[in-house]
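**Q** Let me begin by handing over the structure; questions about it come next.
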Amino acid sequence: MIDKALQIVAPHHCYGCGSKQALLCDNCKYDITSNQFYGCIGCGRPAPDGICTRCQSGFSRAWCIGERSGELEALINGYKFERKKASSVVCVDLLQLVLPELPRDICIVPVPTIRRHIRQRGYDHTALVAKGLAKRRSLTYRQALRRITSSVQLGATRAQRIEQAKQAFECTTSLAEQTVLLVDDVTTTGATLEYAATELRKAGAKDVWAAVIARQPLEKHV
Ligand SMILES: [Zn+2]
Ligand SMILES: [Zn+2]
C-alpha cells in the first residue's frame, strides 16, 4: 500500500544517471552488464564457468551480474532497505542480459529468503526475481527449497557462514533428472548456494547451476 502510494507521488529515478523514467534506465543496464563479473563466484579467481575447480561442489556453472558496488549496490539496497519492490523487474532484465539460452526443461528455483526479511520488506525479492525470470523465458518455476534455520549471515566469518549454511535448507519436492537453475541475490563465499545445491541433488537433480545478482567478497563486509 505505502509502496504503491509512494510510487505515484514520487516517480522512479535511475540509480545510475538520475533520469526520471525507471529505477535503472536502459543505458545504465547496459553499463552494468558490459562489466559483468566473470570470475569464480566463490573466490573471485578467473573461472570460465563462473565457478573454479577449487570451489566447485554442489553446482557446476554460475553467472553473476556484477560486484556489489555502484548502481547495482543502489538497486540491491533499494529492495533490501527501501521497499523498492519494482527492482525485481530490473534484476530480471539484468539477468536476461547475462544468462545464455537455457535448456527448455530446466527448472528455476529461488534460494529462500529469511522469513523475517520477507516480513520486513513485505515481499520475497529473490522469489519474485526467479519467478519473473521463469516467466520471461517461458521456463518452469518451482519453490523447491524451504529454509529450516534463519541465521543472519551478515558479519559472520567464512567458517561460521559455511557452518550456518550446512543446515539451512531442505528440499520439499522430488527433482528427479532435472537440471535446476538456483537464483540468489547476493553471494559472499558461495556457501549458501553450495548447500542449497547439495539439497537439490539429494532430491534427485542431475545438475545444478546458479544465477546471482551480485557478488560481495567477504573482505568488503563491514
Ligand atoms: Zn540511467
Ligand atoms: Zn573459486
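We name chains A, B, ... following the order of the C-alpha cells; residues begin at 1 in each chain, and ligands are numbered from 1 as shown.
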Which residues sit within 9 Å of ligand 1, counting only C-alpha atoms and all ligand atoms, listed as a PDB file with N, CA and C atoms, in the first residue's frame?
**A**
```pdb
ATOM      1  N   HIS A  13      13.605   7.326 -10.249  1.00  0.00           N
ATOM      2  CA  HIS A  13      14.762   7.949 -10.899  1.00  0.00           C
ATOM      3  C   HIS A  13      15.818   6.864 -11.070  1.00  0.00           C
ATOM      4  N   CYS A  14      16.519   6.928 -12.193  1.00  0.00           N
ATOM      5  CA  CYS A  14      17.536   5.913 -12.464  1.00  0.00           C
ATOM      6  C   CYS A  14      18.656   5.997 -11.425  1.00  0.00           C
ATOM      7  N   TYR A  15      19.010   4.844 -10.839  1.00  0.00           N
ATOM      8  CA  TYR A  15      20.081   4.798  -9.841  1.00  0.00           C
ATOM      9  C   TYR A  15      21.435   5.196 -10.443  1.00  0.00           C
ATOM     10  N   GLY A  16      21.564   5.019 -11.759  1.00  0.00           N
ATOM     11  CA  GLY A  16      22.852   5.313 -12.383  1.00  0.00           C
ATOM     12  C   GLY A  16      22.991   6.780 -12.757  1.00  0.00           C
ATOM     13  N   CYS A  17      22.033   7.293 -13.562  1.00  0.00           N
ATOM     14  CA  CYS A  17      22.206   8.632 -14.129  1.00  0.00           C
ATOM     15  C   CYS A  17      21.185   9.631 -13.624  1.00  0.00           C
ATOM     16  N   GLY A  18      20.205   9.169 -12.869  1.00  0.00           N
ATOM     17  CA  GLY A  18      19.238  10.091 -12.292  1.00  0.00           C
ATOM     18  C   GLY A  18      18.086  10.452 -13.216  1.00  0.00           C
ATOM     19  N   SER A  19      18.078   9.951 -14.471  1.00  0.00           N
ATOM     20  CA  SER A  19      17.000  10.307 -15.394  1.00  0.00           C
ATOM     21  C   SER A  19      15.669   9.792 -14.846  1.00  0.00           C
ATOM     22  N   LYS A  20      14.612  10.564 -15.141  1.00  0.00           N
ATOM     23  CA  LYS A  20      13.332  10.288 -14.499  1.00  0.00           C
ATOM     24  C   LYS A  20      12.512   9.324 -15.345  1.00  0.00           C
ATOM     25  N   GLN A  21      12.780   8.041 -15.269  1.00  0.00           N
ATOM     26  CA  GLN A  21      11.970   7.117 -16.059  1.00  0.00           C
ATOM     27  C   GLN A  21      11.847   5.743 -15.423  1.00  0.00           C
ATOM     28  N   ALA A  22      12.892   5.272 -14.789  1.00  0.00           N
ATOM     29  CA  ALA A  22      12.864   3.914 -14.260  1.00  0.00           C
ATOM     30  C   ALA A  22      13.900   3.814 -13.150  1.00  0.00           C
ATOM     31  N   LEU A  23      13.861   2.714 -12.393  1.00  0.00           N
ATOM     32  CA  LEU A  23      14.880   2.520 -11.353  1.00  0.00           C
ATOM     33  C   LEU A  23      16.266   2.419 -11.975  1.00  0.00           C
ATOM     34  N   LEU A  24      16.302   1.902 -13.203  1.00  0.00           N
ATOM     35  CA  LEU A  24      17.567   1.809 -13.930  1.00  0.00           C
ATOM     36  C   LEU A  24      17.234   1.936 -15.412  1.00  0.00           C
ATOM     37  N   CYS A  25      17.806   2.934 -16.078  1.00  0.00           N
ATOM     38  CA  CYS A  25      17.473   3.141 -17.492  1.00  0.00           C
ATOM     39  C   CYS A  25      18.241   2.132 -18.356  1.00  0.00           C
ATOM     40  N   ASP A  26      17.876   2.022 -19.618  1.00  0.00           N
ATOM     41  CA  ASP A  26      18.499   1.029 -20.497  1.00  0.00           C
ATOM     42  C   ASP A  26      20.001   1.245 -20.647  1.00  0.00           C
ATOM     43  N   ASN A  27      20.423   2.503 -20.718  1.00  0.00           N
ATOM     44  CA  ASN A  27      21.868   2.775 -20.852  1.00  0.00           C
ATOM     45  C   ASN A  27      22.625   2.272 -19.632  1.00  0.00           C
ATOM     46  N   CYS A  28      22.077   2.526 -18.464  1.00  0.00           N
ATOM     47  CA  CYS A  28      22.771   2.115 -17.232  1.00  0.00           C
ATOM     48  C   CYS A  28      22.727   0.594 -17.063  1.00  0.00           C
ATOM     49  N   LYS A  29      21.638  -0.034 -17.533  1.00  0.00           N
ATOM     50  CA  LYS A  29      21.586  -1.509 -17.527  1.00  0.00           C
ATOM     51  C   LYS A  29      22.720  -2.047 -18.396  1.00  0.00           C
ATOM     52  N   GLU A  71      25.755   1.307  -9.134  1.00  0.00           N
ATOM     53  CA  GLU A  71      24.308   1.246  -9.384  1.00  0.00           C
ATOM     54  C   GLU A  71      23.708  -0.081  -8.915  1.00  0.00           C
TER      55      GLU A  71
END
```
**Q** Write out as a list in words which residues come within 6 Å of range 82-85 of chain A when counting only C-alpha atoms, dropping same-chain ones fewer than 3 positions away.
**A**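 The filter keeps Gly78, Tyr79 and Arg121 of chain A.
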**Q** Write a file of the selected residues as a compact mmCIF listing (two decimals), in the first residue's frame, keeping C-alpha atoms.
**A**
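Result saved to out.txt:
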```txt
# COMPACT_ATOMS: atom_id res chain seq x y z
CA GLY A 78 16.62 -0.32 -2.75
CA TYR A 79 14.84 -3.64 -2.35
CA ARG A 121 10.01 -5.91 3.21
```
**Q** Enumerate as number ranges by chain the residues within 10 Å of ligand 2, counting only C-alpha atoms and all ligand atoms.
**A** A: 39-47, 50-56, 189-190
**Q** Write out as a PyMOL selection string the residues lying within 7 Å of Gly58 in chain A, counting only C-alpha atoms and excluding same-chain residues fewer than 3 positions away.
**A** chain A and resi 194-195+197-198+208
**Q** Here is a test: counting only C-alpha atoms, which residue of A:His12, A:Lys206, A:Arg147, A:Arg115 is nearest to Ala86 in chain A?
**A**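 Nearest to Ala86 in chain A: A:His12.
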**Q** So which residues of range 163-212 of chain A fall under strand (DSSP E) by DSSP, listed as a ChimeraX atom specification?
**A** /A:169-171,179-187,207-212
**Q** Report, in Å to a single decimal, how far apart CA of Ile108 in chain A and CA of Ala62 in chain A are.
**A**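 The value is 13.3 Å.
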**Q** Find the distance between CA of Pro110 in chain A and CA of Cys171 in chain A and write it in Å to one decimal.
**A**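 Rounded to one decimal, the two atoms are 11.6 Å apart.
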**Q** For Leu181 in chain A, please output as number ranges by chain all residues within 7 Å (counting only C-alpha atoms; exclusion window: fewer than 2 positions along the same chain).
**A** A: 106-109, 179, 183, 208-211
**Q** Between A:Gln120, A:Ser57, A:Thr33, A:Thr140, which is the closest to Glu199 in chain A once you count only C-alpha atoms?
**A** A:Ser57
**Q** Could you jot down the CA of Arg116 in chain A to CA of Lys80 in chain A separation for me, Å, one decimal place?
**A** 11.9 Å
**Q** Which of these residues is nearest to Gly70 in chain A, using only C-alpha atoms: A:Arg142, A:Val90, A:Leu218, A:Ile32?
**A**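 With only C-alpha atoms as the atom set, the closest residue is A:Ile32.
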**Q** As number ranges by chain, please: every residue in range 48-129 of chain A that a backbone DSSP assignment puts in helix (DSSP H, G or I).
**A** A: 70-81, 87-98, 115-121, 125-129
**Q** Find the residues near Gln96 in chain A: any atom within 9 Å, counting only C-alpha atoms, skip ones fewer than 5 places away on the same chain, and give them as an mmCIF file with C-alpha atoms, in the first residue's frame.
**A**
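See part-v2.cif below for the written result:
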```
data_model
loop_
_atom_site.group_PDB
_atom_site.id
_atom_site.type_symbol
_atom_site.label_atom_id
_atom_site.label_comp_id
_atom_site.auth_asym_id
_atom_site.auth_seq_id
_atom_site.Cartn_x
_atom_site.Cartn_y
_atom_site.Cartn_z
ATOM 1 C CA CYS A 91 17.001 -7.611 -11.739
ATOM 2 C CA LEU A 133 12.893 -14.838 -14.987
ATOM 3 C CA ARG A 136 10.219 -14.117 -19.272
ATOM 4 C CA ARG A 137 11.964 -17.232 -20.593
#
```
**Q** When you count only C-alpha atoms, which of these residues is closest to Asp93 in chain A: A:Arg68, A:Arg61, A:His117, A:Lys135?
**A** A:Lys135
